[in-house]
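Just model.txt here, compact mmCIF, N, CA and C atoms:
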```txt
# COMPACT_ATOMS: atom_id res chain seq x y z
N MET A 1 -1.92 119.14 160.83
CA MET A 1 -1.58 118.02 161.66
C MET A 1 -0.26 118.32 162.35
N ASN A 2 -0.20 118.11 163.64
CA ASN A 2 1.01 118.30 164.43
C ASN A 2 1.33 117.02 165.16
N GLY A 3 2.60 116.75 165.35
CA GLY A 3 3.03 115.64 166.18
C GLY A 3 4.18 116.11 167.04
N ARG A 4 4.27 115.59 168.25
CA ARG A 4 5.35 116.01 169.13
C ARG A 4 5.74 114.85 170.03
N CYS A 5 7.01 114.72 170.27
CA CYS A 5 7.52 113.68 171.15
C CYS A 5 8.59 114.29 172.05
N ILE A 6 8.42 114.16 173.34
CA ILE A 6 9.46 114.57 174.27
C ILE A 6 9.75 113.35 175.13
N CYS A 7 10.99 112.93 175.20
CA CYS A 7 11.31 111.75 175.98
C CYS A 7 12.66 111.91 176.66
N ARG A 8 12.84 111.17 177.70
CA ARG A 8 14.10 111.16 178.43
C ARG A 8 14.81 109.86 178.10
N SER A 9 16.11 109.93 177.97
CA SER A 9 16.89 108.73 177.68
C SER A 9 16.78 107.73 178.83
N GLY A 10 17.36 106.57 178.65
CA GLY A 10 17.27 105.48 179.61
C GLY A 10 17.72 105.83 181.01
N PRO A 11 17.56 104.89 181.94
CA PRO A 11 17.93 105.11 183.34
C PRO A 11 19.38 105.57 183.49
N GLY A 12 19.59 106.56 184.31
CA GLY A 12 20.93 107.06 184.57
C GLY A 12 21.47 107.99 183.50
N SER A 13 20.71 108.22 182.44
CA SER A 13 21.17 109.09 181.36
C SER A 13 20.63 110.50 181.58
N PRO A 14 21.50 111.51 181.53
CA PRO A 14 21.06 112.88 181.79
C PRO A 14 20.50 113.59 180.56
N ALA A 15 20.39 112.90 179.43
CA ALA A 15 19.98 113.57 178.18
C ALA A 15 18.47 113.58 178.02
N TRP A 16 17.95 114.58 177.32
CA TRP A 16 16.56 114.62 176.90
C TRP A 16 16.51 114.79 175.40
N LYS A 17 15.42 114.33 174.80
CA LYS A 17 15.24 114.41 173.35
C LYS A 17 13.88 115.03 173.06
N GLN A 18 13.78 115.74 171.95
CA GLN A 18 12.51 116.32 171.55
C GLN A 18 12.41 116.32 170.03
N ALA A 19 11.23 116.03 169.51
CA ALA A 19 11.01 116.05 168.07
C ALA A 19 9.61 116.58 167.79
N ARG A 20 9.45 117.26 166.67
CA ARG A 20 8.15 117.80 166.29
C ARG A 20 8.02 117.75 164.77
N ALA A 21 6.83 117.38 164.32
CA ALA A 21 6.52 117.38 162.89
C ALA A 21 5.24 118.16 162.69
N LYS A 22 5.20 118.96 161.63
CA LYS A 22 3.99 119.72 161.31
C LYS A 22 3.73 119.62 159.81
N VAL A 23 2.50 119.24 159.46
CA VAL A 23 2.07 119.19 158.07
C VAL A 23 0.92 120.17 157.94
N ASP A 24 1.07 121.13 157.05
CA ASP A 24 0.05 122.16 156.83
C ASP A 24 -0.18 122.26 155.33
N GLY A 25 -1.23 121.58 154.85
CA GLY A 25 -1.47 121.53 153.41
C GLY A 25 -0.35 120.74 152.75
N ASP A 26 0.37 121.37 151.83
CA ASP A 26 1.47 120.68 151.17
C ASP A 26 2.82 120.96 151.82
N LYS A 27 2.85 121.74 152.90
CA LYS A 27 4.11 122.07 153.57
C LYS A 27 4.37 121.14 154.75
N ILE A 28 5.64 120.78 154.94
CA ILE A 28 6.04 119.93 156.06
C ILE A 28 7.25 120.55 156.75
N THR A 29 7.23 120.52 158.09
CA THR A 29 8.33 121.04 158.89
C THR A 29 8.70 119.99 159.94
N LEU A 30 9.98 119.68 160.06
CA LEU A 30 10.47 118.75 161.07
C LEU A 30 11.51 119.46 161.92
N THR A 31 11.40 119.36 163.23
CA THR A 31 12.40 119.92 164.13
C THR A 31 12.71 118.89 165.20
N GLY A 32 13.90 118.96 165.75
CA GLY A 32 14.25 118.03 166.81
C GLY A 32 15.56 118.39 167.45
N GLY A 33 15.85 117.70 168.53
CA GLY A 33 17.11 117.93 169.21
C GLY A 33 17.24 117.05 170.43
N TRP A 34 18.41 117.07 171.00
CA TRP A 34 18.67 116.40 172.26
C TRP A 34 19.74 117.19 172.99
N LYS A 35 19.77 117.01 174.30
CA LYS A 35 20.74 117.74 175.11
C LYS A 35 21.24 116.84 176.22
N GLY A 36 22.55 116.78 176.37
CA GLY A 36 23.19 116.02 177.43
C GLY A 36 24.04 116.95 178.27
N GLU A 37 24.90 116.38 179.12
CA GLU A 37 25.74 117.19 180.00
C GLU A 37 26.74 118.04 179.23
N LYS A 38 27.41 117.47 178.22
CA LYS A 38 28.45 118.19 177.48
C LYS A 38 28.12 118.42 176.02
N ALA A 39 27.05 117.81 175.53
CA ALA A 39 26.76 117.89 174.10
C ALA A 39 25.29 118.16 173.87
N SER A 40 25.00 118.75 172.71
CA SER A 40 23.61 118.96 172.30
C SER A 40 23.53 118.94 170.77
N TYR A 41 22.31 118.80 170.30
CA TYR A 41 22.05 118.72 168.86
C TYR A 41 20.70 119.35 168.59
N ASP A 42 20.62 120.21 167.60
CA ASP A 42 19.36 120.81 167.16
C ASP A 42 19.30 120.71 165.64
N ALA A 43 18.12 120.42 165.13
CA ALA A 43 17.95 120.32 163.68
C ALA A 43 16.58 120.85 163.28
N SER A 44 16.50 121.41 162.09
CA SER A 44 15.22 121.82 161.53
C SER A 44 15.27 121.62 160.02
N TYR A 45 14.16 121.13 159.48
CA TYR A 45 14.04 120.85 158.06
C TYR A 45 12.67 121.35 157.59
N ALA A 46 12.58 121.78 156.35
CA ALA A 46 11.31 122.23 155.79
C ALA A 46 11.26 121.89 154.31
N GLY A 47 10.05 121.69 153.81
CA GLY A 47 9.87 121.42 152.40
C GLY A 47 8.39 121.42 152.05
N SER A 48 8.09 121.13 150.81
CA SER A 48 6.71 121.06 150.33
C SER A 48 6.51 119.78 149.54
N PHE A 49 5.32 119.19 149.74
CA PHE A 49 4.98 118.00 148.97
C PHE A 49 4.63 118.39 147.54
N VAL A 50 5.12 117.64 146.60
CA VAL A 50 4.73 117.72 145.20
C VAL A 50 4.32 116.30 144.84
N ARG A 51 3.05 116.11 144.60
CA ARG A 51 2.46 114.79 144.41
C ARG A 51 2.67 113.97 145.69
N ARG A 52 3.50 112.92 145.64
CA ARG A 52 3.65 112.03 146.79
C ARG A 52 4.96 112.22 147.55
N SER A 53 5.81 113.16 147.16
CA SER A 53 7.09 113.28 147.86
C SER A 53 7.41 114.73 148.19
N ALA A 54 8.27 114.90 149.17
CA ALA A 54 8.73 116.23 149.57
C ALA A 54 10.25 116.21 149.67
N LYS A 55 10.88 117.19 149.10
CA LYS A 55 12.32 117.37 149.27
C LYS A 55 12.50 118.36 150.41
N LEU A 56 13.32 117.98 151.38
CA LEU A 56 13.54 118.81 152.56
C LEU A 56 14.95 119.37 152.56
N SER A 57 15.08 120.56 153.11
CA SER A 57 16.41 121.12 153.34
C SER A 57 16.39 121.75 154.73
N GLY A 58 17.54 121.79 155.36
CA GLY A 58 17.57 122.32 156.71
C GLY A 58 18.98 122.47 157.24
N THR A 59 19.04 122.67 158.54
CA THR A 59 20.32 122.86 159.22
C THR A 59 20.40 121.97 160.46
N GLN A 60 21.62 121.62 160.80
CA GLN A 60 21.91 120.91 162.05
C GLN A 60 22.97 121.70 162.80
N THR A 61 22.80 121.76 164.10
CA THR A 61 23.81 122.40 164.96
C THR A 61 24.20 121.39 166.03
N TRP A 62 25.47 121.04 166.03
CA TRP A 62 26.04 120.12 167.02
C TRP A 62 26.92 120.95 167.95
N THR A 63 26.77 120.75 169.25
CA THR A 63 27.59 121.47 170.22
C THR A 63 28.24 120.46 171.16
N TYR A 64 29.55 120.64 171.38
CA TYR A 64 30.29 119.78 172.31
C TYR A 64 31.30 120.64 173.05
N ASP A 65 31.28 120.56 174.38
CA ASP A 65 32.18 121.34 175.23
C ASP A 65 32.19 122.82 174.86
N GLY A 66 31.03 123.36 174.56
CA GLY A 66 30.92 124.78 174.27
C GLY A 66 31.25 125.19 172.85
N LYS A 67 31.71 124.27 172.01
CA LYS A 67 32.02 124.59 170.61
C LYS A 67 30.86 124.11 169.73
N SER A 68 30.40 124.97 168.83
CA SER A 68 29.28 124.63 167.95
C SER A 68 29.75 124.40 166.52
N TYR A 69 29.11 123.46 165.87
CA TYR A 69 29.39 123.12 164.49
C TYR A 69 28.06 123.10 163.74
N ASN A 70 27.96 123.84 162.65
CA ASN A 70 26.73 123.92 161.86
C ASN A 70 26.95 123.26 160.51
N ARG A 71 25.89 122.67 159.99
CA ARG A 71 25.95 122.13 158.63
C ARG A 71 24.56 122.13 158.02
N THR A 72 24.51 122.25 156.70
CA THR A 72 23.24 122.16 156.00
C THR A 72 23.02 120.71 155.60
N CYS A 73 21.75 120.33 155.54
CA CYS A 73 21.39 118.95 155.21
C CYS A 73 20.17 118.95 154.31
N SER A 74 19.97 117.83 153.66
CA SER A 74 18.77 117.66 152.83
C SER A 74 18.30 116.22 152.94
N GLY A 75 17.06 116.00 152.58
CA GLY A 75 16.48 114.67 152.62
C GLY A 75 15.18 114.65 151.86
N ALA A 76 14.48 113.54 151.93
CA ALA A 76 13.21 113.41 151.22
C ALA A 76 12.23 112.58 152.05
N VAL A 77 10.95 112.85 151.84
CA VAL A 77 9.86 112.10 152.46
C VAL A 77 8.94 111.68 151.33
N LYS A 78 8.47 110.43 151.37
CA LYS A 78 7.53 109.95 150.35
C LYS A 78 6.27 109.44 151.00
N ARG A 79 5.13 109.83 150.44
CA ARG A 79 3.85 109.28 150.87
C ARG A 79 3.64 107.97 150.13
N PRO A 80 3.16 106.92 150.82
CA PRO A 80 2.93 105.65 150.11
C PRO A 80 1.72 105.76 149.18
N LEU A 81 1.71 104.91 148.18
CA LEU A 81 0.53 104.80 147.32
C LEU A 81 -0.65 104.32 148.15
N ALA A 82 -1.85 104.77 147.84
CA ALA A 82 -3.05 104.37 148.58
C ALA A 82 -3.21 102.86 148.64
N ALA A 83 -2.81 102.16 147.59
CA ALA A 83 -2.94 100.70 147.56
C ALA A 83 -2.12 100.02 148.65
N PHE A 84 -1.08 100.69 149.17
CA PHE A 84 -0.22 100.09 150.18
C PHE A 84 -0.57 100.53 151.60
N LEU A 85 -1.57 101.39 151.76
CA LEU A 85 -2.00 101.82 153.09
C LEU A 85 -2.92 100.78 153.70
N PRO A 86 -2.98 100.69 155.04
CA PRO A 86 -3.89 99.74 155.68
C PRO A 86 -5.34 100.06 155.31
N LYS A 87 -6.14 99.04 155.16
CA LYS A 87 -7.56 99.22 154.83
C LYS A 87 -8.30 99.81 156.02
N GLN A 88 -9.19 100.76 155.76
CA GLN A 88 -10.02 101.35 156.79
C GLN A 88 -11.20 100.41 157.06
N LYS A 89 -11.52 100.21 158.35
CA LYS A 89 -12.69 99.38 158.68
C LYS A 89 -13.96 100.19 158.46
N GLN A 90 -14.95 99.56 157.86
CA GLN A 90 -16.24 100.20 157.59
C GLN A 90 -17.05 100.26 158.87
N ALA A 91 -17.67 101.41 159.17
CA ALA A 91 -18.55 101.55 160.33
C ALA A 91 -19.86 100.83 160.03
N GLN A 92 -20.36 100.08 161.00
CA GLN A 92 -21.61 99.32 160.77
C GLN A 92 -22.78 100.00 161.41
```

Please, can you express the file's structure as structure tokens?
Amino acid sequence: MNGRCICRSGPGSPAWKQARAKVDGDKITLTGGWKGEKASYDASYAGSFVRRSAKLSGTQTWTYDGKSYNRTCSGAVKRPLAAFLPKQKQAQ
């Protein structure tokens, strides 16, 4: 499963944003970023699902006026229990 979003900020804003998610079996990858006139941001995270949750680790790169700053980050994603998902309509 792949998902992708590319969008432009509001009227008069020179920035663009992009995000992508990929789920392949138990592996998940998230990437994203935005770019403006003087600043930009790029991030990537990866992890694997174990049961209903995935622990992610990744990097962020922030750039402003030509200077870049990198940092490592982590997070988590949880799949909801089936009982909390919307009911599927039966085909007639």

May I have the residues within 6 Å of Phe49 (chain A) as an mmCIF file with N, CA and C atoms, keeping the file's coordinate frame, using only C-alpha atoms and disregarding those fewer than 3 positions away in the same chain?
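To be explicit, this is the file written out as part04.cif:
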```cif
data_model
loop_
_atom_site.group_PDB
_atom_site.id
_atom_site.type_symbol
_atom_site.label_atom_id
_atom_site.label_comp_id
_atom_site.auth_asym_id
_atom_site.auth_seq_id
_atom_site.Cartn_x
_atom_site.Cartn_y
_atom_site.Cartn_z
ATOM 1 N N ASP A 26 0.370 121.370 151.830
ATOM 2 C CA ASP A 26 1.470 120.680 151.170
ATOM 3 C C ASP A 26 2.820 120.960 151.820
ATOM 4 N N SER A 53 5.810 113.160 147.160
ATOM 5 C CA SER A 53 7.090 113.280 147.860
ATOM 6 C C SER A 53 7.410 114.730 148.190
ATOM 7 N N ALA A 54 8.270 114.900 149.170
ATOM 8 C CA ALA A 54 8.730 116.230 149.570
ATOM 9 C C ALA A 54 10.250 116.210 149.670
#
```

ask   = Residues of region 13-91 of chain A in strand (DSSP E) according to DSSP, as an MDAnalysis selection string?
value = chainID A and resid 16:24 27:35 39:50 53:64 67:78

Output for the residues just chosen: N, CA and C atoms as a compact mmCIF listing (two decimals), in the coordinates of the input:
```
# COMPACT_ATOMS: atom_id res chain seq x y z
N TRP A 16 17.95 114.58 177.32
CA TRP A 16 16.56 114.62 176.90
C TRP A 16 16.51 114.79 175.40
N LYS A 17 15.42 114.33 174.80
CA LYS A 17 15.24 114.41 173.35
C LYS A 17 13.88 115.03 173.06
N GLN A 18 13.78 115.74 171.95
CA GLN A 18 12.51 116.32 171.55
C GLN A 18 12.41 116.32 170.03
N ALA A 19 11.23 116.03 169.51
CA ALA A 19 11.01 116.05 168.07
C ALA A 19 9.61 116.58 167.79
N ARG A 20 9.45 117.26 166.67
CA ARG A 20 8.15 117.80 166.29
C ARG A 20 8.02 117.75 164.77
N ALA A 21 6.83 117.38 164.32
CA ALA A 21 6.52 117.38 162.89
C ALA A 21 5.24 118.16 162.69
N LYS A 22 5.20 118.96 161.63
CA LYS A 22 3.99 119.72 161.31
C LYS A 22 3.73 119.62 159.81
N VAL A 23 2.50 119.24 159.46
CA VAL A 23 2.07 119.19 158.07
C VAL A 23 0.92 120.17 157.94
N ASP A 24 1.07 121.13 157.05
CA ASP A 24 0.05 122.16 156.83
C ASP A 24 -0.18 122.26 155.33
N LYS A 27 2.85 121.74 152.90
CA LYS A 27 4.11 122.07 153.57
C LYS A 27 4.37 121.14 154.75
N ILE A 28 5.64 120.78 154.94
CA ILE A 28 6.04 119.93 156.06
C ILE A 28 7.25 120.55 156.75
N THR A 29 7.23 120.52 158.09
CA THR A 29 8.33 121.04 158.89
C THR A 29 8.70 119.99 159.94
N LEU A 30 9.98 119.68 160.06
CA LEU A 30 10.47 118.75 161.07
C LEU A 30 11.51 119.46 161.92
N THR A 31 11.40 119.36 163.23
CA THR A 31 12.40 119.92 164.13
C THR A 31 12.71 118.89 165.20
N GLY A 32 13.90 118.96 165.75
CA GLY A 32 14.25 118.03 166.81
C GLY A 32 15.56 118.39 167.45
N GLY A 33 15.85 117.70 168.53
CA GLY A 33 17.11 117.93 169.21
C GLY A 33 17.24 117.05 170.43
N TRP A 34 18.41 117.07 171.00
CA TRP A 34 18.67 116.40 172.26
C TRP A 34 19.74 117.19 172.99
N LYS A 35 19.77 117.01 174.30
CA LYS A 35 20.74 117.74 175.11
C LYS A 35 21.24 116.84 176.22
N ALA A 39 27.05 117.81 175.53
CA ALA A 39 26.76 117.89 174.10
C ALA A 39 25.29 118.16 173.87
N SER A 40 25.00 118.75 172.71
CA SER A 40 23.61 118.96 172.30
C SER A 40 23.53 118.94 170.77
N TYR A 41 22.31 118.80 170.30
CA TYR A 41 22.05 118.72 168.86
C TYR A 41 20.70 119.35 168.59
N ASP A 42 20.62 120.21 167.60
CA ASP A 42 19.36 120.81 167.16
C ASP A 42 19.30 120.71 165.64
N ALA A 43 18.12 120.42 165.13
CA ALA A 43 17.95 120.32 163.68
C ALA A 43 16.58 120.85 163.28
N SER A 44 16.50 121.41 162.09
CA SER A 44 15.22 121.82 161.53
C SER A 44 15.27 121.62 160.02
N TYR A 45 14.16 121.13 159.48
CA TYR A 45 14.04 120.85 158.06
C TYR A 45 12.67 121.35 157.59
N ALA A 46 12.58 121.78 156.35
CA ALA A 46 11.31 122.23 155.79
C ALA A 46 11.26 121.89 154.31
N GLY A 47 10.05 121.69 153.81
CA GLY A 47 9.87 121.42 152.40
C GLY A 47 8.39 121.42 152.05
N SER A 48 8.09 121.13 150.81
CA SER A 48 6.71 121.06 150.33
C SER A 48 6.51 119.78 149.54
N PHE A 49 5.32 119.19 149.74
CA PHE A 49 4.98 118.00 148.97
C PHE A 49 4.63 118.39 147.54
N VAL A 50 5.12 117.64 146.60
CA VAL A 50 4.73 117.72 145.20
C VAL A 50 4.32 116.30 144.84
N SER A 53 5.81 113.16 147.16
CA SER A 53 7.09 113.28 147.86
C SER A 53 7.41 114.73 148.19
N ALA A 54 8.27 114.90 149.17
CA ALA A 54 8.73 116.23 149.57
C ALA A 54 10.25 116.21 149.67
N LYS A 55 10.88 117.19 149.10
CA LYS A 55 12.32 117.37 149.27
C LYS A 55 12.50 118.36 150.41
N LEU A 56 13.32 117.98 151.38
CA LEU A 56 13.54 118.81 152.56
C LEU A 56 14.95 119.37 152.56
N SER A 57 15.08 120.56 153.11
CA SER A 57 16.41 121.12 153.34
C SER A 57 16.39 121.75 154.73
N GLY A 58 17.54 121.79 155.36
CA GLY A 58 17.57 122.32 156.71
C GLY A 58 18.98 122.47 157.24
N THR A 59 19.04 122.67 158.54
CA THR A 59 20.32 122.86 159.22
C THR A 59 20.40 121.97 160.46
N GLN A 60 21.62 121.62 160.80
CA GLN A 60 21.91 120.91 162.05
C GLN A 60 22.97 121.70 162.80
N THR A 61 22.80 121.76 164.10
CA THR A 61 23.81 122.40 164.96
C THR A 61 24.20 121.39 166.03
N TRP A 62 25.47 121.04 166.03
CA TRP A 62 26.04 120.12 167.02
C TRP A 62 26.92 120.95 167.95
N THR A 63 26.77 120.75 169.25
CA THR A 63 27.59 121.47 170.22
C THR A 63 28.24 120.46 171.16
N TYR A 64 29.55 120.64 171.38
CA TYR A 64 30.29 119.78 172.31
C TYR A 64 31.30 120.64 173.05
N LYS A 67 31.71 124.27 172.01
CA LYS A 67 32.02 124.59 170.61
C LYS A 67 30.86 124.11 169.73
N SER A 68 30.40 124.97 168.83
CA SER A 68 29.28 124.63 167.95
C SER A 68 29.75 124.40 166.52
N TYR A 69 29.11 123.46 165.87
CA TYR A 69 29.39 123.12 164.49
C TYR A 69 28.06 123.10 163.74
N ASN A 70 27.96 123.84 162.65
CA ASN A 70 26.73 123.92 161.86
C ASN A 70 26.95 123.26 160.51
N ARG A 71 25.89 122.67 159.99
CA ARG A 71 25.95 122.13 158.63
C ARG A 71 24.56 122.13 158.02
N THR A 72 24.51 122.25 156.70
CA THR A 72 23.24 122.16 156.00
C THR A 72 23.02 120.71 155.60
N CYS A 73 21.75 120.33 155.54
CA CYS A 73 21.39 118.95 155.21
C CYS A 73 20.17 118.95 154.31
N SER A 74 19.97 117.83 153.66
CA SER A 74 18.77 117.66 152.83
C SER A 74 18.30 116.22 152.94
N GLY A 75 17.06 116.00 152.58
CA GLY A 75 16.48 114.67 152.62
C GLY A 75 15.18 114.65 151.86
N ALA A 76 14.48 113.54 151.93
CA ALA A 76 13.21 113.41 151.22
C ALA A 76 12.23 112.58 152.05
N VAL A 77 10.95 112.85 151.84
CA VAL A 77 9.86 112.10 152.46
C VAL A 77 8.94 111.68 151.33
N LYS A 78 8.47 110.43 151.37
CA LYS A 78 7.53 109.95 150.35
C LYS A 78 6.27 109.44 151.00
```

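Of note, CA of Lys35 (chain A) and CA of Lys22 (chain A) are spaced 21.8 Å apart.
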
key: Who sits within 10 Å of Asp65 (chain A), only C-alpha atoms, same chain under 5 positions skipped, as a list of chain:residue names   =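 So, after excluding close chain neighbours, the residues are A:Glu37, A:Lys38, A:Ala39, A:Ser40.
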
Those residues with N, CA and C atoms, as a PDB file, in the coordinates of the input please?
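Full text of result.pdb as output:
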```
ATOM      1  N   GLU A  37      24.900 116.380 179.120  1.00  0.00           N
ATOM      2  CA  GLU A  37      25.740 117.190 180.000  1.00  0.00           C
ATOM      3  C   GLU A  37      26.740 118.040 179.230  1.00  0.00           C
ATOM      4  N   LYS A  38      27.410 117.470 178.220  1.00  0.00           N
ATOM      5  CA  LYS A  38      28.450 118.190 177.480  1.00  0.00           C
ATOM      6  C   LYS A  38      28.120 118.420 176.020  1.00  0.00           C
ATOM      7  N   ALA A  39      27.050 117.810 175.530  1.00  0.00           N
ATOM      8  CA  ALA A  39      26.760 117.890 174.100  1.00  0.00           C
ATOM      9  C   ALA A  39      25.290 118.160 173.870  1.00  0.00           C
ATOM     10  N   SER A  40      25.000 118.750 172.710  1.00  0.00           N
ATOM     11  CA  SER A  40      23.610 118.960 172.300  1.00  0.00           C
ATOM     12  C   SER A  40      23.530 118.940 170.770  1.00  0.00           C
TER      13      SER A  40
END
```

request  = Anything within 6 Å of (21.8, 122.3, 169.3): list those residues as a count of residues only, counting all atoms listed in the file and sticking to the file's coordinates.
outcome  = 7
